[in-house]
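Just below is one structure, and these are the notes that go with it.
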Amino acid sequence: MRPRYENLGSRDTRSGFGAGLLELGEKDERIVALSADLASSVKMDAFAQRFPHRFFQCGVAEANMIGVAAGLAGSGFIPFVGTFANFATGRVYDQIRQSVCYSGKAVKIAASHAGLTLGEDGATHQMLEDIGLMRGLPGMTVISPCDYNQTRLAALRAAYWEWPVYLRFGRPSVPNFTPPDDPTFQVGKIQVLLEGKDGVIFATGHLVWHALQAAYALEAEGLEIAVVNVHTLKPVDVEGIATYLARTPVVVSAEEHQLWNGLGDIVSWVATQHYPRRVVRVAVQDTFGESGKPDELLEKYGLSTAHIIAAVRKAIANA
Amino acid sequence: MGVSAYFCFVAEDLSRIAAQVRRDIVRMVYLAQSGHPGGALGAADILTALYFAHLRHKPYPWNPTGLGEDVFILSNGHICAAWYSILARSGYFPVSELATFRRINSRLQGHPATKEGLPGVRVATGSLGQGLSVAIGYALGKRLAGDPHEVYVMLGDGEINEGQIWEGVLFAAHHQVGNLIAIIDRNYKQIDGDTRTVLNTDPLEAKWEAFGWEVLPLHEAHDLPTILRTLSEARQKAHQKRPIVIIAYTIMGKGVDFMENDHNWHGKPPNKDQFEKAIAQLPETLGDF
């Protein structure tokens, strides 16, 4: 009998980050937070109110924020910077590269509103290249948790991870289905949510829930598809991914990110190194997004549950 | 003993150190056949005054957090030949290591870096405009930790074209980062020419004042007693609400006559003839590396 993951009550992953940050602040005086005029959107406002002397409002000036955080890290503090994913990466790539990664400063970059599902704000704000940008940096750790509970846990772990961390989460309310202090969540390791002999879906972020729904739907056809949550995109759990590649030729990747440089590339890279497999990718197909409701966008850009089911069928046909 | 007599005595020693630093710079850049001699020569006096007479710092054991001492960050990292010479000669690492500048397997990277573990360097710089923000972070760290020391950061006057500098200028004033002292190496030269023709930053003092900083002009920027007085004044004015900027009117290439005030010496090593002409102007005062 395979486990049934139930929605414990939909919540936004960014609030999971906010809860984690507040808990960290209560426990550890070294935790400091910086925001670029988005404290409430990124759910840092509770921390800011509780610990005003450890919160630094930077205004709409992200480059400076990254540098200030690097200096605070250098002084022995544990800084979390929070803004939207596009302003947290592309806008400040060189600052992250030189002042953070090359300088070995363990800054924690909390990037909200990632992917298409921030919705109505449209393509200017729909960051779909950030996983690629961040995982290309030596020393950076990239974590993309799947729900509220996991985002809270990821924030707690990120604080005491000795490297810089890019923590990617989102805006909309989405199913919360992992347990609050999930012992199976380990930074740097895949998380096997469903075992299955007939295929595997590697998914990250919001699409993990959709991957589960796809796997459940395919059970009606007698198919047992595994669902693996690749919440840590760097360092890559090569062994974990290779283990699942070895078990089945039916391989799908699913991510709210561009086709390039994200989870699909990671799975394909492991496949070329360890266990050659064809990988069917569910991802944004080298295009910008647009305004709309989150579910409408997932549907239009090919990231819905139905698209994951179709990808599994295609992988079966390939196999 | 009057204050001026004290400074004259110190300045005499400092000028011997600065002379050797200049000689080190030219020898390092010549040996590597690459590097940035002009800005390094121009900043040699201020950096010497900082490290040998002003900063309360501990070369050994090296303390990366900088808590319990003054912190210095070289934001215009390309002039690091000067900084490396001064760090070595103040005890951060062996003077002999200066011979490895810009060579393979060296800790003395072309621009300052932390990866190889060079004592004295707390953050990588080179891509311009980032060091001020990092310095602000160290200053806030000192404030949070209750550390009464200051953070110093040197900026190039071409570097301040970068937008991030002005983000930091706003931030430091807004958050009243009073333990921060910036020093602008105001030589009016950048790679493509005079700052007034490349991208004019005048009136510079008025700009920083308007942004809420305490501005200290340093007109005799190669006169060691004047440098020391200005640094002391900055320290006296520190720890109030306003961040402080010293605008140091330096001469690029100072000490080598044919390099002075010539932007073409921004990032070019001397050839053999030029090296011999230059080194003849730079006395060996403390022993070469």
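By order of appearance in the structure tokens: chains A, B, ..., then residues from 1 within every chain, and ligands from 1 in the order shown.
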
Sort by chain and increasing residue number a table of all residues of chain B within 6 Å of chain A, each with its closest pair of atoms and their distance in Å to one decimal, counting only C-alpha atoms, and write it as JSON lines.
{"residue": "B:Thr65", "atom": "CA", "partner": "A:Ser75", "partner_atom": "CA", "distance": 4.4}
{"residue": "B:Thr114", "atom": "CA", "partner": "A:Ser103", "partner_atom": "CA", "distance": 5.6}
{"residue": "B:Val123", "atom": "CA", "partner": "A:Ser103", "partner_atom": "CA", "distance": 5.2}
{"residue": "B:Ala124", "atom": "CA", "partner": "A:Ser103", "partner_atom": "CA", "distance": 5.3}
{"residue": "B:Ser133", "atom": "CA", "partner": "A:Gly67", "partner_atom": "CA", "distance": 4.6}
{"residue": "B:Val134", "atom": "CA", "partner": "A:Gly71", "partner_atom": "CA", "distance": 4.4}
{"residue": "B:Ile136", "atom": "CA", "partner": "A:Val68", "partner_atom": "CA", "distance": 5.7}
{"residue": "B:Gly137", "atom": "CA", "partner": "A:Gly71", "partner_atom": "CA", "distance": 3.8}
{"residue": "B:Tyr138", "atom": "CA", "partner": "A:Gly71", "partner_atom": "CA", "distance": 4.5}
{"residue": "B:Gly141", "atom": "CA", "partner": "A:Leu72", "partner_atom": "CA", "distance": 5.3}
{"residue": "B:Gln164", "atom": "CA", "partner": "A:Asn64", "partner_atom": "CA", "distance": 5.8}
{"residue": "B:Glu167", "atom": "CA", "partner": "A:Asn64", "partner_atom": "CA", "distance": 5.8}
{"residue": "B:Gly168", "atom": "CA", "partner": "A:Asn64", "partner_atom": "CA", "distance": 5.6}

Selection to disk with C-alpha atoms, as a PDB file, in the first residue's frame:
ATOM      1  CA  THR B  65      35.806  38.404  11.872  1.00  0.00           C
ATOM      2  CA  THR B 114      39.923  35.085   0.548  1.00  0.00           C
ATOM      3  CA  VAL B 123      36.375  39.828   1.327  1.00  0.00           C
ATOM      4  CA  ALA B 124      37.150  39.492  -2.349  1.00  0.00           C
ATOM      5  CA  SER B 133      28.362  47.573   1.208  1.00  0.00           C
ATOM      6  CA  VAL B 134      30.496  44.842   2.750  1.00  0.00           C
ATOM      7  CA  ILE B 136      28.745  48.594   6.129  1.00  0.00           C
ATOM      8  CA  GLY B 137      27.962  44.977   7.012  1.00  0.00           C
ATOM      9  CA  TYR B 138      31.117  44.709   9.124  1.00  0.00           C
ATOM     10  CA  GLY B 141      28.289  43.603  12.940  1.00  0.00           C
ATOM     11  CA  GLN B 164      25.808  50.101  -5.745  1.00  0.00           C
ATOM     12  CA  GLU B 167      22.868  52.480  -2.581  1.00  0.00           C
ATOM     13  CA  GLY B 168      25.426  52.047   0.185  1.00  0.00           C
TER      14      GLY B 168
END

*stretch 176-185 of chain B surroundings by only C-alpha atoms, 8 Å radius, close-in-sequence under 2 positions cut, as number ranges by chain*: B: 43, 132, 135-136, 139-140, 149-157, 172-174, 187, 234, 238-250

*Separation of atom CA of A:Ile31 and atom CA of A:Arg14, in Å?*
18.0 Å

*Would you return as an NGL selection string the members of stretch 8-104 of chain A that DSSP assigns to helix (DSSP H, G or I) on this structure's backbone?*
:A and (13-27 or 45-50 or 52-54 or 62-74 or 85-88 or 90-102)

Write out the residues from the selection above, keeping N, CA and C atoms, as a short mmCIF file (atom, residue, chain, number, x, y, z; two decimals), in the first residue's frame.
data_model
loop_
_atom_site.label_atom_id
_atom_site.label_comp_id
_atom_site.auth_asym_id
_atom_site.auth_seq_id
_atom_site.Cartn_x
_atom_site.Cartn_y
_atom_site.Cartn_z
N THR A 13 4.24 28.94 0.71
CA THR A 13 5.56 28.51 1.20
C THR A 13 6.31 29.68 1.83
N ARG A 14 6.05 30.88 1.34
CA ARG A 14 6.77 32.04 1.91
C ARG A 14 6.44 32.21 3.40
N SER A 15 5.22 31.86 3.79
CA SER A 15 4.88 31.94 5.22
C SER A 15 5.63 30.87 6.01
N GLY A 16 5.92 29.76 5.37
CA GLY A 16 6.76 28.75 6.02
C GLY A 16 8.14 29.31 6.31
N PHE A 17 8.68 30.05 5.34
CA PHE A 17 9.97 30.72 5.56
C PHE A 17 9.86 31.70 6.73
N GLY A 18 8.80 32.51 6.72
CA GLY A 18 8.64 33.52 7.78
C GLY A 18 8.58 32.89 9.16
N ALA A 19 7.86 31.75 9.24
CA ALA A 19 7.75 31.05 10.53
C ALA A 19 9.12 30.53 10.97
N GLY A 20 9.85 29.98 10.02
CA GLY A 20 11.18 29.45 10.34
C GLY A 20 12.12 30.56 10.79
N LEU A 21 12.08 31.69 10.10
CA LEU A 21 12.96 32.81 10.44
C LEU A 21 12.67 33.32 11.85
N LEU A 22 11.39 33.42 12.19
CA LEU A 22 11.01 33.90 13.52
C LEU A 22 11.53 32.92 14.60
N GLU A 23 11.34 31.64 14.36
CA GLU A 23 11.85 30.64 15.31
C GLU A 23 13.35 30.75 15.49
N LEU A 24 14.05 30.92 14.38
CA LEU A 24 15.50 31.06 14.44
C LEU A 24 15.88 32.27 15.28
N GLY A 25 15.17 33.36 15.05
CA GLY A 25 15.46 34.60 15.77
C GLY A 25 15.28 34.45 17.27
N GLU A 26 14.28 33.68 17.65
CA GLU A 26 14.03 33.46 19.09
C GLU A 26 15.18 32.69 19.73
N LYS A 27 15.76 31.78 18.96
CA LYS A 27 16.74 30.85 19.54
C LYS A 27 18.18 31.35 19.47
N ASP A 45 8.15 40.24 8.21
CA ASP A 45 7.68 41.32 9.08
C ASP A 45 7.57 40.90 10.54
N ALA A 46 7.22 39.64 10.80
CA ALA A 46 7.12 39.20 12.20
C ALA A 46 8.50 39.27 12.86
N PHE A 47 9.53 38.82 12.12
CA PHE A 47 10.90 38.91 12.64
C PHE A 47 11.27 40.38 12.87
N ALA A 48 10.94 41.22 11.90
CA ALA A 48 11.31 42.64 11.99
C ALA A 48 10.67 43.30 13.21
N GLN A 49 9.43 42.93 13.51
CA GLN A 49 8.75 43.53 14.66
C GLN A 49 9.30 42.98 15.98
N ARG A 50 9.60 41.69 15.98
CA ARG A 50 10.08 41.05 17.20
C ARG A 50 11.52 41.45 17.52
N PRO A 52 13.69 44.25 16.15
CA PRO A 52 13.97 45.41 15.29
C PRO A 52 15.46 45.72 15.16
N HIS A 53 16.25 45.45 16.20
CA HIS A 53 17.68 45.77 16.13
C HIS A 53 18.44 44.76 15.29
N ARG A 54 17.81 43.63 14.98
CA ARG A 54 18.48 42.64 14.13
C ARG A 54 17.86 42.58 12.73
N GLU A 62 19.00 46.18 -3.86
CA GLU A 62 19.35 44.79 -3.58
C GLU A 62 20.86 44.55 -3.59
N ALA A 63 21.57 45.25 -4.48
CA ALA A 63 23.02 45.02 -4.57
C ALA A 63 23.68 45.34 -3.23
N ASN A 64 23.32 46.50 -2.68
CA ASN A 64 23.86 46.87 -1.37
C ASN A 64 23.47 45.86 -0.31
N MET A 65 22.24 45.38 -0.38
CA MET A 65 21.76 44.42 0.62
C MET A 65 22.64 43.17 0.64
N ILE A 66 22.98 42.67 -0.53
CA ILE A 66 23.81 41.46 -0.58
C ILE A 66 25.18 41.74 0.06
N GLY A 67 25.75 42.90 -0.26
CA GLY A 67 27.06 43.24 0.30
C GLY A 67 27.01 43.41 1.81
N VAL A 68 26.00 44.10 2.32
CA VAL A 68 25.86 44.30 3.76
C VAL A 68 25.74 42.93 4.44
N ALA A 69 24.96 42.06 3.83
CA ALA A 69 24.80 40.71 4.40
C ALA A 69 26.14 39.98 4.42
N ALA A 70 26.93 40.15 3.37
CA ALA A 70 28.25 39.49 3.33
C ALA A 70 29.12 39.99 4.49
N GLY A 71 29.08 41.29 4.75
CA GLY A 71 29.85 41.85 5.86
C GLY A 71 29.37 41.35 7.22
N LEU A 72 28.06 41.23 7.37
CA LEU A 72 27.51 40.70 8.62
C LEU A 72 27.92 39.24 8.80
N ALA A 73 27.89 38.48 7.71
CA ALA A 73 28.33 37.08 7.80
C ALA A 73 29.81 37.02 8.19
N GLY A 74 30.60 37.91 7.60
CA GLY A 74 32.02 37.95 7.92
C GLY A 74 32.28 38.27 9.38
N ALA A 85 12.50 36.40 -6.19
CA ALA A 85 13.55 35.57 -6.78
C ALA A 85 14.33 36.27 -7.89
N ASN A 86 13.65 37.08 -8.70
CA ASN A 86 14.41 37.74 -9.78
C ASN A 86 15.35 38.80 -9.22
N PHE A 87 14.91 39.54 -8.19
CA PHE A 87 15.79 40.56 -7.60
C PHE A 87 16.87 39.93 -6.72
N ALA A 88 16.63 38.69 -6.33
CA ALA A 88 17.57 38.00 -5.44
C ALA A 88 18.66 37.27 -6.22
N GLY A 90 19.26 37.40 -10.55
CA GLY A 90 19.75 38.05 -11.75
C GLY A 90 20.22 39.47 -11.50
N ARG A 91 19.47 40.20 -10.70
CA ARG A 91 19.81 41.59 -10.44
C ARG A 91 21.12 41.74 -9.66
N VAL A 92 21.46 40.76 -8.89
CA VAL A 92 22.61 40.87 -7.99
C VAL A 92 23.58 39.71 -8.18
N TYR A 93 23.61 39.19 -9.39
CA TYR A 93 24.44 38.01 -9.63
C TYR A 93 25.91 38.27 -9.29
N ASP A 94 26.43 39.39 -9.72
CA ASP A 94 27.86 39.65 -9.49
C ASP A 94 28.16 39.87 -8.01
N GLN A 95 27.21 40.47 -7.30
CA GLN A 95 27.41 40.66 -5.85
C GLN A 95 27.42 39.30 -5.14
N ILE A 96 26.52 38.41 -5.55
CA ILE A 96 26.50 37.07 -4.93
C ILE A 96 27.78 36.32 -5.31
N ARG A 97 28.19 36.50 -6.55
CA ARG A 97 29.37 35.78 -7.02
C ARG A 97 30.63 36.20 -6.25
N GLN A 98 30.87 37.51 -6.19
CA GLN A 98 32.14 37.99 -5.60
C GLN A 98 32.08 38.14 -4.08
N SER A 99 31.07 38.89 -3.59
CA SER A 99 31.06 39.22 -2.15
C SER A 99 30.59 38.04 -1.30
N VAL A 100 29.80 37.14 -1.88
CA VAL A 100 29.26 36.02 -1.09
C VAL A 100 30.02 34.73 -1.39
N CYS A 101 29.87 34.20 -2.61
CA CYS A 101 30.41 32.85 -2.88
C CYS A 101 31.94 32.85 -2.92
N TYR A 102 32.52 33.71 -3.73
CA TYR A 102 33.99 33.72 -3.85
C TYR A 102 34.63 34.10 -2.51
#

*as JSON, numbers by chain, please: all residues of stretch 176-281 of chain A that backbone DSSP puts in strand (DSSP E).*
{"A": [191, 192, 193, 194, 199, 200, 201, 202, 203, 225, 226, 227, 228, 229, 232, 233, 234, 251, 252, 253, 254, 255, 256, 257, 258, 279, 280, 281]}
